Structure formats: C-alpha cells, structure tokens
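Encoded as structure tokens, the structure appears first; notes follow it.
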Amino acid sequence: MTDTTEFSTQPAGGHFETDVIIAGAGPVGLFAVFELGLLDLNAHLVDILDRPGGQCAELYPEKPIYDIPGIPVLSGDALTQNLLAQIAPFKPQFHLSQMAVNLEKLDNKKWRLTTDLGTTIEAPVVVIAAGGGSFQPKKPPIPGLADYEGKSVFYSVRHMENFRDKNILIAGGGDSALDWSLALRPLSKSLGLVHRRPDFRAAPDSVNKMRTLVAAGGMTLYTGQITALHGEDGHLHSVTIKTADGETDVSCDALLPFFGLTMKLGPVAGFGIAMENNLIPVDTEKFETNVPTIFAIGDINTYPGKLKLILSGFHEAALMSQQAFRYVRPNEKLRFQYTTSSTNLQKKLGVK
Amino acid sequence: MSTQNQDLEIILNVTTQDGKDHALLALGGWRAMEVIRDYGLPIKAECGGACACATCHVYVDPAWLDKLVPPTEEEENMLDEAFEVQDNSRLSCQILMRPGFNGLHLTLAPGSEPD
C-alpha cells in the first residue's frame with residue numbers, strides 16, 4: 001500500500017449537516033465530491049470499509065486498470081490516492097467503518113441518514129454510490145451457522161477480552177487468520193487454526209511464528225475444512241473438520257472464520273427506493289432514482305445501455321451534480337464552467 | 001472457412017448450482033467465467049475477472065483437470081477465500097478457453113451464487 005493521501009475522518013456517533021450525503025466512498029463516490037465541489041456543494045461520505053477506495057481498495061489495490069481515460073495504466077490503489085488528492089480542495093468528510101442503515105425524510109424536507117454506529121447526517125440530497133453493496137465478511141456455507149453468529153461465531157474481534165480463556169478455533173489462511181491467531185493465543189485456553197492446505201498466503205513472518213508455536217505445542221494447526229458445527233442455543237461445543245485422512249471433531253467454544261469480504265446489497269434495499277435485480281433504476285439525464293433528490297451513480301444503478309465501468313460512473317457523477325445543485329441551491333443560477341478557463345473554479349481548486 | 005469455424009467451435013458445458021446442465025458456445029481467448037456470465041447464468045464473479053474474490057469458484061470435471069493450465073500461486077491463494085474447496089476446484093476467471101477445450105465441463109461451486 002502506498003502512502004495514504006490525507007483525508008478527514010469523523011468520529012462515529014456524531015451529528016452532521018451538509019449539502020450532499022454520498023453512500024459509498026469508491027472511485028465514483030470520490031469523483032462525485034469533485035463535481036459537486038465545483039458547484040460549491042459540500043459532501044459527506046459513508047463507507048463500510050476503513051478506508052476510501054471501495055473495490056479499488058478492497059479487491060484490486062495492486063491490479064492494473066487500463067481503461068481510465070488519459071491514463072494508460074494505474075493500480076486501484078493509485079487511482080484511489082489520485083482521486084483523494086483531486087478532491088482534497090473540497091474537504092470531503094469521511095465516515096468510515098460504518099454502514100448506512102437507515103434513511104428517513106424529515107419535516108424540513110431534508111434526508112437523515114443513520115449509520116450502524118449511530119452517526120447521523122442530514123442533507124437535502126442523497127447520492128447512492130454503493131457499487132455492489134456493502135463489503136461484508138464471507139460466511140462459510142456450514143449448516144446452522146446463523147444460529148451461532150454473534151454468540152460463538154464471530155467475523156471480527158471488537159474486544160479481545162471476550163475471548164479470554166476460550167477454546168478458540170480460527171479458520172482461514174490470510175493475514176487476518178494468522179494475525180488473530182497470534183494475538184488471541186496468549187489469552188486463550190486453547191487455540192487452533194484450520195486452513196484448507198499446508199501453504200499460507202499470509203505474511204511469511206506471521207506464518208513462521210505460527211509454525212514455531214505449533215511445533216512447541218502452543219497451538220494446533222489443522223489442514224482441512226470445517227463441515228459441521230455442534231452445540232446448542234448458539235453455543236458451540238465442537239466442529240467437524242474434514243481432512244485428507246477423514247473427519248475429526250475438535251472442541252471449541254469460539255469460532256472465527258476469516259475468508260475475506262464479499263459485497264452484499266445490504267440496507268440500501270430498505271431505503272424505499274425502487275430496485276430491479278438488486279440495482280437502482282435511474283434516468284440518464286440526472287441519474288436520479290424514482291425518489292426525487294435521491295440519486296444513484298456507478299455500479300449500483302441501471303438504465304438502458306448501462307456499462308459497469310468506472311468511467312461511466314464518473315460521467316454519471318458530473319450530470320448528477322447539476323441536478324443536485326438545483327435542489328440544494330434552488331434560488332441560485334447554475335453556471336457551467338470549464339476548469340481550464342474559469343478563474344473561479346481554479347480558485348476553488350487552489351491552483352489560482 | 002466453414003470447416004475451420006467448426007474446428008474452432010468450443011462448447012463449454014456448465015452445471016449450475018441448481019443441478020441443471022447448460023451447453024454454452026465459447027470463444028477462444030475468453031475466460032470461462034466471462035462465457036458463463038455472458039449467457040446470463042448465475043455467477044457472482046464480483047471482481048470481474050481479476051483473480052481477487054473467489055466468487056467464480058467452479059469444480060472441473062476430473063477428466064479435464066490435467067488438460068487445463070495448472071493454477072498459479074495467485075489463484076491458489078485466492079481459493080483460500082472459497083468454501084468447500086476440492087482437488088478439482090478452480091476459479092473460472094483463470095480458465096482461458098481455447099479450441100482444445102471443446103466439451104470442457106465445469107460445475108458452479110459454493111460461493112459462486114449471486115445474492
């Protein structure tokens with residue numbers, strides 16, 4: 001990961017007011033800040049990830065992207081850093097590691113968006129730039145898993161103390177699995193790590209530490225995959241692990257699966273906006289949803305001819321911003337200007 | 001020309017998560033995932049073919065396993081984020097279709113289903 005461009009994050013749980021709320025801080029949400037900013041509209045962004053960039057940050061930070069106009073090749077991470085630098089003059093406010101869970105219309109005609117951490121943001125315009133939805137932990141397709149979630153199956157560690165003196169089993173072969181194995185082992189009663197193959201993709205240093213601990217009897221390594229959970233009332237007693245030599249039952253009272261993230265539509269479906277096959281239909285003039293003042297741009301929207309390309313999202317952000325201006329500043333005249341010639345715009349960008 | 005086209009015809013057989021079989025006409029150079037997605041069959045493939053998500057996980061008919069280019073370390077690493085991985089597990093975005101693959105049979109595996 002390259003050096004992160006400075007950006008302003010807000011503590012969770014506060015109340016904020018702005019011109020435009022953007023749900024999703026992927027490339028399209030970020031560029032929307034730029035287009036809105038040229039029109040003097042301020043924006044707050046909400047994202048479930050702990051950093052801006054969306055899929056570019058989570059799925060392919062190091063993969064080359066070849067179809068950004070004028071840029072023959074750059075990585076997902078570089079695109080994110082460039083966008084952050086480009087929008088910095090407009091001072092966007094980020095609300096990260098939070099999921100937008102509720103959207104309601106207030107008596108003053110503004111929208112109030114609430115996150116799962118209790119942050120509330122009010123604005124006259126909302127832009128859904130949620131891509132494929134919220135990134136959420138991948139859940140193993142083990143029968144009955146849901147009964148144990150939150151009681152003895154966890155996809156993240158919020159408080160390590162909750163795992164003290166537990167028989168912990170961690171599943172996965174990446175950095176999360178290895179890092180948490182090493183971090184939780186000292187306070188656990190016992191700790192096991194289960195991974196499908198002998199090789200690990202996690203950082204070699206953590207893998208070496210893990211192997212040393214396994215050799216010394218400080219933890220157990222199982223090469224296989226979990227096929228069944230055993231317990232009652234959400235409390236695990238043991239799991240069945242299928243290995244090359246057959247099945248074996250392993251006692252545990254806490255299971256932590258770390259299989260990466262996947263996109264789920266999430267609470268957007270409950271915002272009262274018309275949806276079609278998990279996408280939000282919009283017009284192609286303003287990219288507005290069936291609910292006036294709510295827009296949808298980027299991969300989450302659909303219209304005749306839609307292509308899920310970053311560049312399409314950029315275009316959608318520009319046109320959306322025009323209509324957003326009319327809603328936020330109904331008494332002001334909208335003037336179209338070029339950044340190449342307008343001293344006004346250049347001042348906003350801090351280059352004049 | 002027509003005989004040549006027939007020689008190049010590549011049928012990709014796909015069993016979807018519901019157990020139904022589909023015969024898809026594939027083009028050389030396309031990724032198996034792209035062919036499956038192009039036909040509108042249910043495949044999540046959320047990273048779009050960048051070997052970055054494991055949501056195009058398939059099981060390869062064992063008879064075909066040795067004919068495919070073996071998985072790269074990158075693909076093996078990504079399969080760590082798939083479930084119910086077997087010896088014949090592959091990511092379909094990493095299988096490039098070519099004439100010799102006429103009749104290749106893939107079964108969509110757990111984790112490939114769209115929401």
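Lettering and numbering for the structure tokens are positional, with chains as A, B, ... in the shown order, residues counted from 1 in each chain, and ligands counted from 1 in the shown order.
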
Give one line per residue of chain A that approaches chain B to at most 9 Å, naming the two atoms of the closest pair and their distance in Å to one decimal, counting only C-alpha atoms; sort by chain then ascending residue number and deliver it as JSON lines.
{"residue": "A:Gln55", "atom": "CA", "partner": "B:Cys47", "partner_atom": "CA", "distance": 7.9}
{"residue": "A:Leu59", "atom": "CA", "partner": "B:Ala52", "partner_atom": "CA", "distance": 5.6}
{"residue": "A:Tyr60", "atom": "CA", "partner": "B:Ala52", "partner_atom": "CA", "distance": 6.4}
{"residue": "A:Lys63", "atom": "CA", "partner": "B:Ala50", "partner_atom": "CA", "distance": 7.4}
{"residue": "A:Gly132", "atom": "CA", "partner": "B:Glu46", "partner_atom": "CA", "distance": 7.8}
{"residue": "A:Lys138", "atom": "CA", "partner": "B:Glu81", "partner_atom": "CA", "distance": 8.1}
{"residue": "A:Lys139", "atom": "CA", "partner": "B:Phe83", "partner_atom": "CA", "distance": 8.9}
{"residue": "A:Pro140", "atom": "CA", "partner": "B:Phe83", "partner_atom": "CA", "distance": 6.2}
{"residue": "A:Pro141", "atom": "CA", "partner": "B:Phe83", "partner_atom": "CA", "distance": 7.2}
{"residue": "A:Gly172", "atom": "CA", "partner": "B:Asp80", "partner_atom": "CA", "distance": 6.9}
{"residue": "A:Gly173", "atom": "CA", "partner": "B:Asp80", "partner_atom": "CA", "distance": 6.3}
{"residue": "A:Gly174", "atom": "CA", "partner": "B:Asp80", "partner_atom": "CA", "distance": 7.8}
{"residue": "A:His195", "atom": "CA", "partner": "B:Asp80", "partner_atom": "CA", "distance": 7.9}
{"residue": "A:Arg196", "atom": "CA", "partner": "B:Asp80", "partner_atom": "CA", "distance": 7.0}
{"residue": "A:Arg197", "atom": "CA", "partner": "B:Asp80", "partner_atom": "CA", "distance": 8.3}
{"residue": "A:Asp199", "atom": "CA", "partner": "B:Asn77", "partner_atom": "CA", "distance": 8.7}
{"residue": "A:Phe200", "atom": "CA", "partner": "B:Asn77", "partner_atom": "CA", "distance": 7.6}
{"residue": "A:Arg201", "atom": "CA", "partner": "B:Asn77", "partner_atom": "CA", "distance": 5.8}
{"residue": "A:Gln225", "atom": "CA", "partner": "B:Glu84", "partner_atom": "CA", "distance": 7.1}
{"residue": "A:Ile226", "atom": "CA", "partner": "B:Glu84", "partner_atom": "CA", "distance": 8.6}
{"residue": "A:Thr227", "atom": "CA", "partner": "B:Glu84", "partner_atom": "CA", "distance": 8.3}
{"residue": "A:Phe258", "atom": "CA", "partner": "B:Glu81", "partner_atom": "CA", "distance": 8.1}
{"residue": "A:Phe259", "atom": "CA", "partner": "B:Glu81", "partner_atom": "CA", "distance": 4.5}
{"residue": "A:Gly260", "atom": "CA", "partner": "B:Glu81", "partner_atom": "CA", "distance": 6.1}
{"residue": "A:Leu261", "atom": "CA", "partner": "B:Cys53", "partner_atom": "CA", "distance": 8.0}
{"residue": "A:Thr262", "atom": "CA", "partner": "B:Cys53", "partner_atom": "CA", "distance": 7.5}
{"residue": "A:Met263", "atom": "CA", "partner": "B:Glu46", "partner_atom": "CA", "distance": 7.7}
{"residue": "A:Lys264", "atom": "CA", "partner": "B:Asp115", "partner_atom": "CA", "distance": 7.0}
{"residue": "A:Leu265", "atom": "CA", "partner": "B:Asp115", "partner_atom": "CA", "distance": 8.0}
{"residue": "A:Asn278", "atom": "CA", "partner": "B:Asp115", "partner_atom": "CA", "distance": 8.4}

| message | Quick check for you: according to DSSP on this backbone, which residues of chain B are classed as strand (DSSP E or B)? Reply as a list in words. | response |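 Those in chain B that DSSP calls strand (DSSP E or B) are Ile10, Ile11, Leu12, Asn13, Val14, Thr15, Asp21, His22, Ala23, Leu24, Leu25, Ala26, Arg31, His57, Val58, Tyr59, Val60, Ser89, Arg90, Leu91, Leu96, His105, Leu106, Thr107 and Leu108 of chain B.
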
| In region 190-335 of chain A, DSSP helix (DSSP H, G or I) residues written as a PyMOL selection string | chain A and resi 204-215+266-270+298-300+310-328

| task | Write out as a list in words each polymer residue whose atoms come within 6 Å of Asn102 (chain B), counting only C-alpha atoms; drop sequence neighbours fewer than 2 positions from it. | result | Ile10, Ile11, Pro99, Gly100 and Leu104 of chain B

| said: Neighbouring residues of region 13-20 of chain A were defined as those with any atom within 6 Å, considering only C-alpha atoms; residues of the same chain fewer than 5 positions away were excluded. Please report them as a list of chain:residue names. | reply: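 The residues satisfying every condition are A:Leu41, A:Asn42, A:Ala43, A:Leu117, A:Gly118, A:Thr119, A:Thr120, A:Ile121, A:Glu122, A:Ala123, A:Val125, A:Val126.
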
| Spatial neighbours of Ala129 (chain A), max dist 7 Å, only C-alpha atoms, sep filter under 5 positions, as a count of residues only | 9

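Look at Gly103 (chain B): the protein and nucleic acid residues within 10 Å of it, using only C-alpha atoms and passing over chain neighbours fewer than 5 places away, are B:Glu9, B:Ile10, B:Ile11, B:Leu12, B:Asn13, B:Val14, B:Ala23, B:Leu24, B:Leu25, B:Trp64.
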
Output C-alpha atoms of each residue in that selection to a file, as a PDB file, in the first residue's frame.
ATOM      1  CA  GLU B   9     -16.135 -24.286 -32.090  1.00  0.00           C
ATOM      2  CA  ILE B  10     -15.746 -24.660 -28.352  1.00  0.00           C
ATOM      3  CA  ILE B  11     -18.646 -25.907 -26.301  1.00  0.00           C
ATOM      4  CA  LEU B  12     -18.399 -25.169 -22.590  1.00  0.00           C
ATOM      5  CA  ASN B  13     -20.667 -27.393 -20.506  1.00  0.00           C
ATOM      6  CA  VAL B  14     -21.750 -25.816 -17.257  1.00  0.00           C
ATOM      7  CA  ALA B  23     -24.091 -26.090 -23.213  1.00  0.00           C
ATOM      8  CA  LEU B  24     -22.505 -22.715 -23.984  1.00  0.00           C
ATOM      9  CA  LEU B  25     -20.765 -21.677 -27.146  1.00  0.00           C
ATOM     10  CA  TRP B  64     -10.476 -32.436 -17.801  1.00  0.00           C
TER      11      TRP B  64
END

| task | Determine the nearest neighbour of Ser89 (chain B) from the options B:His105, B:Glu113, B:Leu65, B:Tyr59, counting only C-alpha atoms. | result | B:Tyr59

| task | Excluding region 178-190 of chain A and residues on its chain fewer than 2 positions from it, collect all residues at most 12 Å away from it, counting only C-alpha atoms, and give them as an MDAnalysis selection string. | result | chainID A and resid 155:176 192:195 200:214 217:221 250:259

| request: Grab the CA of Gly29 (chain B) to CA of Ser92 (chain B) distance for me, in Å with one decimal place. | output: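 About the pair CA of Gly29 (chain B) and CA of Ser92 (chain B): they are 13.0 Å apart.
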
| task | Enter the distance from CA of Asp67 (chain A) to CA of His95 (chain A), in Å, rounded to one decimal. | result | 28.9 Å

| task | For CA of Thr107 (chain B) and CA of Thr72 (chain B), determine how far apart the two atoms are, in Å to one decimal place. | result |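 Going from CA of Thr107 (chain B) over to CA of Thr72 (chain B) covers 20.3 Å.
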